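Have a look at input.txt; it's compact mmCIF, C-alpha atoms:
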# COMPACT_ATOMS: atom_id res chain seq x y z
CA MET H 1 28.89 13.19 38.53
CA GLU H 2 29.59 11.67 35.11
CA ASN H 3 27.84 8.45 36.17
CA THR H 4 24.78 10.43 37.24
CA SER H 5 24.71 12.21 33.89
CA THR H 6 24.98 8.90 32.05
CA VAL H 7 22.13 7.37 34.04
CA ARG H 8 19.93 10.41 33.38
CA LYS H 9 20.69 10.19 29.67
CA ILE H 10 19.80 6.50 29.58
CA ILE H 11 16.54 7.15 31.45
CA SER H 12 15.74 9.99 29.05
CA GLN H 13 16.44 7.81 26.01
CA PHE H 14 14.25 5.05 27.41
CA PHE H 15 11.26 7.27 28.16
CA LEU H 16 11.50 9.14 24.87
CA GLY H 17 11.44 5.67 23.34
CA VAL H 18 8.33 4.81 25.35
CA LEU H 19 6.55 7.88 23.98
CA ALA H 20 7.58 6.98 20.44
CA GLY H 21 6.35 3.42 20.90
CA MET H 22 3.01 4.74 22.11
CA MET H 23 2.74 7.02 19.08
CA ILE H 24 3.41 4.09 16.76
CA GLY H 25 0.81 2.07 18.66
CA ILE H 26 -1.74 4.83 18.19
CA GLY H 27 -0.86 4.91 14.50
CA GLY H 28 -1.39 1.16 14.33
CA CYS H 29 -4.71 1.49 16.12
CA VAL H 30 -6.09 4.07 13.70
CA SER H 31 -4.83 2.05 10.74
CA LEU H 32 -6.65 -1.04 12.03
CA SER H 33 -9.78 1.07 12.60
CA CYS H 34 -9.99 2.16 8.94
CA ASP H 35 -11.78 0.07 6.33
CA ASN H 36 -9.94 1.91 3.59
CA ARG H 37 -6.28 0.82 3.63
CA TYR H 38 -5.10 4.02 1.92
CA ILE H 39 -6.74 6.26 4.50
CA GLY H 40 -5.42 3.96 7.21
CA ALA H 41 -1.90 4.26 5.83
CA LEU H 42 -2.20 8.04 5.68
CA LEU H 43 -3.44 8.33 9.27
CA PHE H 44 -0.76 5.94 10.51
CA SER H 45 1.78 8.61 9.53
CA LEU H 46 0.55 10.74 12.45
CA GLY H 47 2.66 8.50 14.69
CA LEU H 48 5.96 9.28 12.97
CA PHE H 49 5.02 12.93 12.45
CA ALA H 50 4.51 13.33 16.22
CA ILE H 51 7.80 11.54 16.92
CA ILE H 52 9.71 13.84 14.58
CA GLN H 53 7.91 17.00 15.64
CA PHE H 54 8.35 16.48 19.38
CA GLY H 55 11.74 14.78 19.38
CA PHE H 56 10.71 11.36 20.68
CA GLY H 57 13.06 8.43 20.14
CA LEU H 58 12.25 5.79 17.51
CA PHE H 59 14.67 2.92 16.95
CA THR H 60 14.06 2.73 13.21
CA GLY H 61 14.64 6.47 12.94
CA LYS H 62 17.93 6.32 14.86
CA VAL H 63 19.56 3.09 13.72
CA GLY H 64 20.46 4.38 10.25
CA TYR H 65 22.84 6.92 11.78
CA ILE H 66 25.05 4.28 13.44
CA PRO H 67 27.75 4.52 10.72
CA LEU H 68 27.96 8.28 11.33
CA ARG H 69 28.20 8.26 15.11
CA LYS H 70 30.61 7.16 17.80
CA PRO H 71 30.31 3.61 19.27
CA ARG H 72 28.43 4.83 22.36
CA TYR H 73 25.53 5.69 20.06
CA LEU H 74 24.79 1.95 19.94
CA SER H 75 23.61 2.07 23.56
CA GLU H 76 21.25 4.93 22.70
CA CYS H 77 19.70 2.81 19.96
CA LEU H 78 19.38 -0.15 22.35
CA PHE H 79 17.65 1.80 25.13
CA THR H 80 15.43 3.46 22.53
CA LEU H 81 14.42 0.03 21.23
CA LEU H 82 13.58 -1.15 24.75
CA GLY H 83 11.53 2.00 25.32
CA ASN H 84 9.72 1.51 22.02
CA ALA H 85 8.85 -2.07 22.98
CA PHE H 86 7.45 -0.97 26.34
CA GLY H 87 5.46 1.83 24.70
CA THR H 88 3.79 -0.55 22.24
CA PHE H 89 3.10 -3.02 25.06
CA LEU H 90 1.48 -0.27 27.12
CA ASP H 91 -0.79 0.76 24.24
CA ALA H 92 -1.82 -2.82 23.51
CA PHE H 93 -2.38 -3.62 27.19
CA LEU H 94 -4.61 -0.60 27.74
CA LEU H 95 -6.55 -1.02 24.48
CA ASN H 96 -7.47 -4.56 25.48
CA PHE H 97 -9.68 -3.01 28.18
CA THR H 98 -11.66 -0.93 25.68
CA ARG H 99 -14.73 -1.56 23.54
CA ILE H 100 -12.73 -1.25 20.32
CA SER H 101 -10.41 -4.11 21.25
CA PRO H 102 -12.30 -7.03 19.60
CA ALA H 103 -12.52 -5.30 16.22
CA ILE H 104 -8.93 -4.16 16.00
CA ARG H 105 -7.58 -7.44 17.41
CA GLU H 106 -9.43 -9.39 14.74
CA LYS H 107 -7.91 -7.27 11.96
CA ALA H 108 -4.47 -7.39 13.55
CA MET H 109 -4.59 -11.17 13.84
CA ALA H 110 -4.78 -11.66 10.08
CA SER H 111 -1.69 -9.52 9.57
CA VAL H 112 0.19 -11.20 12.43
CA GLU H 113 -0.53 -14.69 11.11
CA ALA H 114 0.77 -13.77 7.67
CA LYS H 115 3.94 -12.27 9.11
CA LEU H 116 4.71 -15.13 11.49
CA ASN H 117 4.14 -17.74 8.77
CA ASP H 118 6.43 -15.96 6.32
CA THR H 119 9.89 -17.22 5.36
CA ILE H 120 12.95 -15.71 7.03
CA PRO H 121 14.35 -14.25 3.77
CA SER H 122 11.00 -12.60 3.08
CA MET H 123 10.78 -11.23 6.64
CA PHE H 124 14.26 -9.79 6.31
CA ILE H 125 13.91 -8.28 2.83
CA LEU H 126 10.58 -6.62 3.62
CA ALA H 127 12.20 -5.17 6.74
CA VAL H 128 15.19 -3.84 4.77
CA PHE H 129 12.92 -1.85 2.47
CA CYS H 130 11.03 -0.47 5.47
CA GLY H 131 14.31 0.53 7.11
CA MET H 132 15.32 2.48 4.02
CA LEU H 133 12.01 4.35 4.00
CA MET H 134 12.24 5.15 7.69
CA PHE H 135 15.71 6.62 7.24
CA LEU H 136 14.47 8.70 4.31
CA ALA H 137 11.54 10.01 6.38
CA VAL H 138 13.68 10.99 9.36
CA ASP H 139 16.57 12.43 7.37
CA ASN H 140 14.18 14.35 5.13
CA ALA H 141 12.72 15.88 8.31
CA ARG H 142 16.23 16.79 9.49
CA ILE H 143 17.05 18.50 6.19
CA SER H 144 13.66 20.19 5.94
CA ARG H 145 13.91 21.52 9.49
CA ALA H 146 17.32 23.03 8.76
CA GLU H 147 16.04 24.66 5.59
CA GLY H 148 12.65 25.71 6.97
CA GLY H 149 10.78 23.38 4.65
CA HIS H 150 7.76 22.54 6.80
CA ILE H 151 5.66 21.27 3.89
CA GLU H 152 8.47 19.03 2.67
CA LYS H 153 8.87 17.59 6.19
CA THR H 154 5.19 16.75 6.51
CA VAL H 155 4.72 15.37 3.00
CA GLY H 156 7.95 13.38 3.15
CA THR H 157 6.88 11.77 6.41
CA MET H 158 3.44 10.84 5.08
CA LEU H 159 4.74 9.41 1.80
CA CYS H 160 7.34 7.17 3.40
CA ILE H 161 4.85 5.79 5.92
CA MET H 162 2.11 5.28 3.35
CA VAL H 163 4.46 3.42 1.04
CA PHE H 164 5.69 1.00 3.70
CA ILE H 165 2.16 0.32 4.96
CA ILE H 166 0.59 -0.20 1.53
CA CYS H 167 3.49 -2.37 0.34
CA GLY H 168 3.31 -4.52 3.47
CA PHE H 169 6.91 -3.92 4.53
CA ASN H 170 7.89 -5.01 8.04
CA HIS H 171 8.45 -2.41 10.77
CA CYS H 172 9.68 -3.93 14.03
CA ILE H 173 8.03 -1.38 16.34
CA ALA H 174 4.65 -1.38 14.61
CA ASP H 175 4.77 -5.17 14.54
CA MET H 176 5.49 -5.26 18.29
CA PHE H 177 2.22 -3.41 18.81
CA TYR H 178 0.29 -5.91 16.68
CA LEU H 179 2.00 -8.84 18.42
CA PHE H 180 1.24 -7.51 21.90
CA LEU H 181 -2.32 -6.69 20.87
CA THR H 182 -2.93 -10.26 19.68
CA ASN H 183 -0.91 -11.91 22.47
CA ARG H 184 1.42 -13.49 19.90
CA ILE H 185 4.65 -11.86 21.06
CA ALA H 186 5.99 -15.19 22.38
CA ASP H 187 5.63 -16.70 18.90
CA ALA H 188 7.79 -14.00 17.30
CA TYR H 189 11.17 -15.33 18.51
CA VAL H 190 12.30 -15.72 14.89
CA TYR H 191 10.26 -12.96 13.29
CA LEU H 192 11.24 -10.02 15.50
CA PRO H 193 15.04 -10.57 15.38
CA ALA H 194 14.84 -10.94 11.59
CA VAL H 195 12.86 -7.72 11.26
CA ILE H 196 14.99 -5.75 13.73
CA ILE H 197 18.13 -6.76 11.82
CA GLY H 198 16.44 -6.03 8.50
CA ASN H 199 15.27 -2.59 9.60
CA SER H 200 18.79 -1.86 10.86
CA VAL H 201 20.45 -2.93 7.63
CA GLY H 202 17.93 -1.00 5.56
CA GLY H 203 18.38 2.11 7.66
CA MET H 204 22.15 2.04 7.23
CA ILE H 205 22.29 1.35 3.50
CA ILE H 206 21.83 4.95 2.36
CA PRO H 207 24.29 6.51 4.85
CA LEU H 208 26.93 3.90 4.06
CA ILE H 209 26.63 4.48 0.32
CA LYS H 210 26.60 8.24 0.78
CA MET H 211 29.84 7.97 2.74
CA LEU H 212 31.45 6.54 -0.40
CA THR H 213 30.26 9.38 -2.64
CA ASP H 214 31.64 12.84 -3.12
CA LYS H 215 28.90 14.31 -0.90
CA PRO H 216 28.93 12.24 2.29
CA PHE H 217 26.82 12.99 5.35
CA GLU H 218 28.43 15.19 7.94
CA ARG H 219 29.87 12.96 10.65
CA SER H 220 28.55 13.72 14.13
CA ASP H 221 30.66 13.70 17.27
CA SER H 222 27.72 12.64 19.44

Now that the file is in, can you turn its structure into structure tokens?
Amino acid sequence: MENTSTVRKIISQFFLGVLAGMMIGIGGCVSLSCDNRYIGALLFSLGLFAIIQFGFGLFTGKVGYIPLRKPRYLSECLFTLLGNAFGTFLDAFLLNFTRISPAIREKAMASVEAKLNDTIPSMFILAVFCGMLMFLAVDNARISRAEGGHIEKTVGTMLCIMVFIICGFNHCIADMFYLFLTNRIADAYVYLPAVIIGNSVGGMIIPLIKMLTDKPFERSDS
């Protein structure tokens, strides 16, 4: 019975991750479709807003809580990451059959080339900053939900996403979508691990520091 429950939980985590990956892919699609980068960055935030609002699973939103959870939480993050990857692949695969594919692929290619030709320290550092922003967005939503601050939740989500997009920080799930869309995923064997690690480190920085202060986060038993 316990094994059945565990399998169901893993399946649930994976498919919630798939939905989150698809939302990020849609966010990437609308961002690529906008000529104005600021409007594109704003509309991209719809992806994370939907993830937060409907309880989907996003790796970069979960990984920051690793220091606060029990070791089994690591498997939840892993299956979420796999689901996210499949969700972005599904979006990119389907979009390649549409009339908008050539235009968005061309814009994505320029970004992908710049990212893949970057240095490893730069890849990592830009990912760390993105990880910090993603943790802030998700934890702000958690706090706002508890306090009934719906405006704060929405604005906080939009600001964090807009900042990471406009600054050019690296987000592993969004980048998976661009890589699948441009068929460059096989060339990202250095880039993706560097960004996944960077996002993870960035996401955990704030919780780890807060644990050393006089007002640490409440530790979860889950």

Notebook entry, point to check: Which polymer residues, protein or nucleic acid, are no farther than 12 Å from (3.5, -2.2, 13.4), counting all atoms listed in the file, as a ChimeraX atom specification?
Noted result: /H:21-32,41,44-45,47-48,60,84-85,88-89,92,108,111-112,115,127,130,161,164-165,168-181,192,195

Include C-alpha atoms and write out the residues we just selected as a compact mmCIF listing (two decimals), keeping the file's coordinate frame.
# COMPACT_ATOMS: atom_id res chain seq x y z
CA GLY H 21 6.35 3.42 20.90
CA MET H 22 3.01 4.74 22.11
CA MET H 23 2.74 7.02 19.08
CA ILE H 24 3.41 4.09 16.76
CA GLY H 25 0.81 2.07 18.66
CA ILE H 26 -1.74 4.83 18.19
CA GLY H 27 -0.86 4.91 14.50
CA GLY H 28 -1.39 1.16 14.33
CA CYS H 29 -4.71 1.49 16.12
CA VAL H 30 -6.09 4.07 13.70
CA SER H 31 -4.83 2.05 10.74
CA LEU H 32 -6.65 -1.04 12.03
CA ALA H 41 -1.90 4.26 5.83
CA PHE H 44 -0.76 5.94 10.51
CA SER H 45 1.78 8.61 9.53
CA GLY H 47 2.66 8.50 14.69
CA LEU H 48 5.96 9.28 12.97
CA THR H 60 14.06 2.73 13.21
CA ASN H 84 9.72 1.51 22.02
CA ALA H 85 8.85 -2.07 22.98
CA THR H 88 3.79 -0.55 22.24
CA PHE H 89 3.10 -3.02 25.06
CA ALA H 92 -1.82 -2.82 23.51
CA ALA H 108 -4.47 -7.39 13.55
CA SER H 111 -1.69 -9.52 9.57
CA VAL H 112 0.19 -11.20 12.43
CA LYS H 115 3.94 -12.27 9.11
CA ALA H 127 12.20 -5.17 6.74
CA CYS H 130 11.03 -0.47 5.47
CA ILE H 161 4.85 5.79 5.92
CA PHE H 164 5.69 1.00 3.70
CA ILE H 165 2.16 0.32 4.96
CA GLY H 168 3.31 -4.52 3.47
CA PHE H 169 6.91 -3.92 4.53
CA ASN H 170 7.89 -5.01 8.04
CA HIS H 171 8.45 -2.41 10.77
CA CYS H 172 9.68 -3.93 14.03
CA ILE H 173 8.03 -1.38 16.34
CA ALA H 174 4.65 -1.38 14.61
CA ASP H 175 4.77 -5.17 14.54
CA MET H 176 5.49 -5.26 18.29
CA PHE H 177 2.22 -3.41 18.81
CA TYR H 178 0.29 -5.91 16.68
CA LEU H 179 2.00 -8.84 18.42
CA PHE H 180 1.24 -7.51 21.90
CA LEU H 181 -2.32 -6.69 20.87
CA LEU H 192 11.24 -10.02 15.50
CA VAL H 195 12.86 -7.72 11.26

Check: Just how far from CA of Phe86 in chain H is CA of Tyr38 in chain H, in Å to one decimal?
Finding: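 Between these atoms lies a distance of 27.9 Å.
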
Item checked: Residue among H:Gly57, H:Pro207, H:Pro121, H:Pro102 lying closest to Val190 in chain H, counting only C-alpha atoms ->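 Smallest separation from Val190 in chain H among the options: H:Pro121.
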
Next item on the list: Point out the residue among H:Ile100, H:Ala110, H:Ile185, H:Ile197 with the least atom-to-atom distance to Leu126 in chain H, counting all atoms listed in the file.
Entry: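 Going through H:Ile100, H:Ala110, H:Ile185, H:Ile197 one by one, the smallest distance to Leu126 in chain H is for H:Ile197.
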
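Minimum distance to Ile205 in chain H across H:Leu68, H:Ile10, H:Leu90, H:Ala186 (counting all atoms listed in the file) occurs at H:Leu68.
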
Checklist line | Selected residue, from H:Gly149, H:Gly40, H:Gly17, H:Gly198, that lies nearest to Cys77 in chain H when counting only C-alpha atoms | finding: H:Gly17

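With all atoms listed in the file as the atoms that count, the residue of H:Met134, H:Ile125, H:Ile11, H:Ala146 with the shortest distance to Val163 in chain H is H:Met134.
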
Checklist line | Interatomic distance, CA of Gly61 in chain H to CA of Glu106 in chain H (Å, one decimal) | finding: 28.9 Å

Note to self: Quick check, in Å to one decimal: how far apart do CA of Ser101 in chain H and CA of Asn183 in chain H lie?
What the structure shows: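 Separating CA of Ser101 in chain H from CA of Asn183 in chain H is a distance of 12.4 Å.
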
Next item on the list: Would you mind telling me which residue in H:Thr98, H:Thr80, H:Ser144, H:Thr182 lies nearest to Phe15 in chain H when using all atoms listed in the file?
Entry: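 Between H:Thr98, H:Thr80, H:Ser144, H:Thr182, the residue approaching Phe15 in chain H most closely is H:Thr80.
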
Item checked: Test item: residues at most 12 Å from Gly156 in chain H, all atoms listed in the file, excluding those fewer than 2 positions along its chain, as a VMD selection string -> chain H and resid 42 45 48 to 49 52 133 to 145 149 to 154 158 to 163
